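Trainee: The structure that follows is given in the form of structure tokens.
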Amino acid sequence: MLVETAGLTKVFGEIRAVDDLSVAIPDGAIGLVGPNGAGKTTFLRLLLGLLRPTAGSARVLGHGIEDGVAVRERIGYMPEHDCLIPDMTGIGLVSYMGRVSGLDKDTAMGRAHDVLQFVGVEEERYRKVAEYSTGMKQKIKLAQAMVHDPQLYIFDEPTTGLDPRGRAEMLDLVRTIARSPGRNVILSSHLLPDVETICKYVTILDGGRQIASGDIATLLVGENRIRVDVRGDRDAFIRRLKEAGHDAEAGPLGVRVARKPGVEADVFGAAHAVGAEIRYLGAEIRSLEELFLELVERTSGGSK
Amino acid sequence: MSISLPTYTRREAPLLGRRDRLRTIVTTGLRREFKRPAAIFAIGVGTAITTITAIVFVLFAPFFLPGQPLDLRFFYLPASNVAILFFVSLMASVIGAALISDDLDSMALTLYLSRPITPSDYLIAKAAILVPLISMVSVLPLVITPLLGLVLGLFPWDTALAAMGLAVLVGSVLTAWYTSISLFLSSLTRRKSYAAAGVFGVTFGLWIPAQVLAAPGALNNPNLLYLAPWEDFLAVARGAYGVTGGPIDWPLALGILAATTVLAGVATYLRMRAVEVVTG
């Protein structure tokens, strides 16, 4: 397992930033999503060993987070915000960070050249970081996370501030890393399509709790529902289905009906009765964004 | 014919220990300081002036202390040189004040603390950058003075050796205090100019009013001099070199300097642990 937590809790005053979180995240590319204040930041800080949990425990790559140094030796962290040392050159900064991670001087310099070539900062590597564009700074941040060849990469909003071309380049790099054997990625992002295209597994947090976790492909398929796209009087169609004893509701992409024996016949019967036309009937496959909104809405509805 | 695909595994590089990681931060930090014009000026001019004045004290010792035998007490004279106070303050403000505040301002602290080092490692490394630079003003001139006196035959070797040992101890007290205070002030702000002003404020903002208020024409209370770190240092130097008759006692002065050094260090450590280093 990449990350295992048991009752992980972090309390700041009266705020439970992470609340009794028990997750088992497998190896691979993992998306960490959640609305603002969901506890993603605190969760990452706990994983990096920078915060002590109020209660519970966590293991990252088999190491307890109380041993922060051992954990961070195996993690490459790419922060969201600007964090580079402006008066250093690109190559100087990346090799420096490699050495602070424990690489010897020659290995750090060799790796720094390799990773800068990988991220596409070649000619500019001898310029000072202060002179770099936003896209190049993002690439340097990625390179410094890679230099010591960690087992786990934590990317925090890696496409922030990038233009469409830069965003595509950055996603390609992250995807390449995520697909490399022996490397694992935790991608924390608000851009759910980015998570959907790169990650196989997602953990969704809200209010410091995990509200969903699992294989993205499985989560996106509605477990017990079918989706019906109707042309015609949708409200009357839903009413008719409810009268027939079905659980039906309007969704953003059609009508969602609980799956049970005979539902297909009743759907066609209801459509016929109200003069509506069925355009699609099948498994409900949502986008990650739809799933996310649904879960967050359900959670906030439940908490009210 | 069969084709076997290459198997790929991550190449584990052996990682060096924490001592090597800290050494990297210290050596890189020192190299960066020696590229900054302001730091070069403070180090160069400060070391030159304090060392030259120390040499002048030795060469003209009988002129400065007429009638006094040239024994251990003589070395209080170079230790009480006000140029040391000025240049130690200057180096602490130019170099020390920027050590943490620059990392807070650029948010490079995130990079450091997401590496396999602890906040205390980070602080130790930053202190280790500042200590040798301040020592070039606070310790070096005090060590050179007895050494030169020994070479010139002005002092017997046992007196010179004792003076050199005491110079290291006395100078270290001043170095530790300025290192701790300047790092503490540096950790409080993203603007190094504020921290630099704080160093001068703590030094001269306490020293000058304490002297004025302690004078016979004012409150006439020499205990006020305990508030001034420089006066505390002078009291410690007097105690070390055996000079009598100072306005304040050296044990209490040493206690105040040691306590503020430790307090500032602990406060800086707590401050570093509280700094938000991961956002998202």
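Ordering of the structure tokens sets the chain letters (A, B, ...), residue numbers begin anew at 1 in every chain, and ligands are numbered from 1 in the order given.
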With DSSP run on the backbone, what are the strand (DSSP E or B) residues within range 134-276 of chain A? I'd like them as number ranges by chain.

Mentor: A: 152-156, 184-188, 201-206, 209-215, 221-231, 248-251, 254-258

Trainee: When DSSP is applied to the backbone of this structure, which of range 14-252 of chain B are assigned helix (DSSP H, G or I)? Write them out as a PyMOL selection string.

Mentor: chain B and resi 18-33+37-59+61-64+72-79+82-106+109-113+119-138+140-151+157-188+192-214+222-227+229-241+250-252

Trainee: Which chain A residues are at most 6 Å from chain B (counting only C-alpha atoms), as a list in words?

Mentor: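 Going by the stated atoms only, the list reads Thr41, Val69, Arg72, Glu73, Cys83, Leu84, Ile85, Val100, Ser101, Gly102, Leu103 and Gly182 of chain A.
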
Trainee: Just the selected residues (N, CA and C atoms), exported as a PDB file, in the first residue's frame, please.

Mentor:
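Produced file again00.pdb, reproduced below:
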ATOM      1  N   THR A  41      -4.757  19.830   2.302  1.00  0.00           N
ATOM      2  CA  THR A  41      -3.479  20.403   2.721  1.00  0.00           C
ATOM      3  C   THR A  41      -2.970  19.719   3.983  1.00  0.00           C
ATOM      4  N   VAL A  69      11.690  12.089   8.504  1.00  0.00           N
ATOM      5  CA  VAL A  69      12.869  12.128   7.635  1.00  0.00           C
ATOM      6  C   VAL A  69      12.871  10.918   6.690  1.00  0.00           C
ATOM      7  N   ARG A  72      10.234  11.472   4.039  1.00  0.00           N
ATOM      8  CA  ARG A  72      10.565  12.503   3.042  1.00  0.00           C
ATOM      9  C   ARG A  72      11.730  12.097   2.146  1.00  0.00           C
ATOM     10  N   GLU A  73      12.541  11.146   2.591  1.00  0.00           N
ATOM     11  CA  GLU A  73      13.590  10.632   1.701  1.00  0.00           C
ATOM     12  C   GLU A  73      12.983   9.964   0.472  1.00  0.00           C
ATOM     13  N   CYS A  83       8.176  28.754  -5.029  1.00  0.00           N
ATOM     14  CA  CYS A  83       8.972  28.435  -3.837  1.00  0.00           C
ATOM     15  C   CYS A  83      10.453  28.310  -4.179  1.00  0.00           C
ATOM     16  N   LEU A  84      10.851  28.836  -5.317  1.00  0.00           N
ATOM     17  CA  LEU A  84      12.230  28.633  -5.759  1.00  0.00           C
ATOM     18  C   LEU A  84      13.140  29.740  -5.223  1.00  0.00           C
ATOM     19  N   ILE A  85      14.416  29.424  -5.128  1.00  0.00           N
ATOM     20  CA  ILE A  85      15.388  30.406  -4.619  1.00  0.00           C
ATOM     21  C   ILE A  85      15.825  31.261  -5.801  1.00  0.00           C
ATOM     22  N   VAL A 100      20.582  18.162  -0.714  1.00  0.00           N
ATOM     23  CA  VAL A 100      19.876  18.268   0.581  1.00  0.00           C
ATOM     24  C   VAL A 100      19.055  16.996   0.821  1.00  0.00           C
ATOM     25  N   SER A 101      18.679  16.328  -0.257  1.00  0.00           N
ATOM     26  CA  SER A 101      17.962  15.055  -0.103  1.00  0.00           C
ATOM     27  C   SER A 101      18.908  13.911   0.224  1.00  0.00           C
ATOM     28  N   GLY A 102      20.214  14.135   0.112  1.00  0.00           N
ATOM     29  CA  GLY A 102      21.161  13.108   0.517  1.00  0.00           C
ATOM     30  C   GLY A 102      22.011  12.557  -0.608  1.00  0.00           C
ATOM     31  N   LEU A 103      21.854  13.072  -1.828  1.00  0.00           N
ATOM     32  CA  LEU A 103      22.705  12.587  -2.922  1.00  0.00           C
ATOM     33  C   LEU A 103      24.106  13.187  -2.777  1.00  0.00           C
ATOM     34  N   GLY A 182       7.605   1.554 -10.734  1.00  0.00           N
ATOM     35  CA  GLY A 182       8.256   1.841  -9.453  1.00  0.00           C
ATOM     36  C   GLY A 182       7.986   3.221  -8.917  1.00  0.00           C
TER      37      GLY A 182
END

Trainee: Name the residues in contact with range 60-62 of chain B at a cut-off of 10 Å, using only C-alpha atoms, excluding same-chain residues fewer than 4 positions from it; report them as a list in words.

Mentor: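 Once the adjacent positions are removed, what remains is Ile55, Val56, Pro66, Gly67, Gln68, Pro69, Leu70, Phe74, Phe75, Leu77, Gly149 and Leu154 of chain B.
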
Trainee: Quick one: everything within 12 Å of Arg74 in chain A, counting only C-alpha atoms, minus sequence neighbours fewer than 2 positions away in the same chain. Send it as a ChimeraX atom specification.

Mentor: /A:2,47-49,60-63,65,67-72,76-77,101-102,145-154,182-185 /B:12-15,114-116

Trainee: For Ser95 in chain A, which of A:Glu123, A:Glu289, A:Asp114, A:Glu196 is the closest residue, counting only C-alpha atoms?

Mentor: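 The closest residue to Ser95 in chain A is A:Asp114.
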
Trainee: Need to verify the contact set: Ile49 in chain B, 9 Å, only C-alpha atoms, exclusion of same-chain residues closer than 5 positions in sequence. Can you return it as an MDAnalysis selection string?

Mentor: chainID B and resid 44 54 83:84 87 137

Trainee: Please provide as a PyMOL selection string all residues within 6 Å of Met78 in chain A, with the sequence filter that same-chain residues fewer than 4 positions apart are discarded (counting only C-alpha atoms).

Mentor: chain A and resi 141-142+145+155

Trainee: For Ala168 in chain A, find every residue with an atom within 10 Å (counting only C-alpha atoms), except residues of its own chain fewer than 5 positions away, and show them as a PyMOL selection string.

Mentor: chain A and resi 159+162-163+173-174+194

Trainee: Would you mind exporting C-alpha atoms of the selected residues as a PDB file, in the first residue's frame?

Mentor:
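Final output, out.pdb:
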ATOM      1  CA  THR A 159      -0.767  23.168 -13.820  1.00  0.00           C
ATOM      2  CA  LEU A 162       0.118  27.692 -17.034  1.00  0.00           C
ATOM      3  CA  ASP A 163      -1.229  28.563 -20.475  1.00  0.00           C
ATOM      4  CA  LEU A 173       5.303  14.995 -17.922  1.00  0.00           C
ATOM      5  CA  VAL A 174       3.176  14.028 -14.933  1.00  0.00           C
ATOM      6  CA  ASP A 194      -6.548  16.482 -15.072  1.00  0.00           C
TER       7      ASP A 194
END

Trainee: Measuring atom to atom with only C-alpha atoms, identify which of A:Ala236, A:Ala244, A:Cys199, A:Ala6 is nearest to Ile177 in chain A.

Mentor: A:Cys199

Trainee: When distances are computed from only C-alpha atoms, which of B:Thr145, B:Pro247, B:Met272, B:Lys126 shows the smallest separation from Ile52 in chain B?

Mentor: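 Among the listed residues, B:Thr145 lies closest to Ile52 in chain B.
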
Trainee: Ranking A:Leu241, A:Ala276, A:Val230, A:Ile198 by minimum distance to Gly262 in chain A and counting only C-alpha atoms, which one comes first?

Mentor: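 Closest candidate: A:Leu241.
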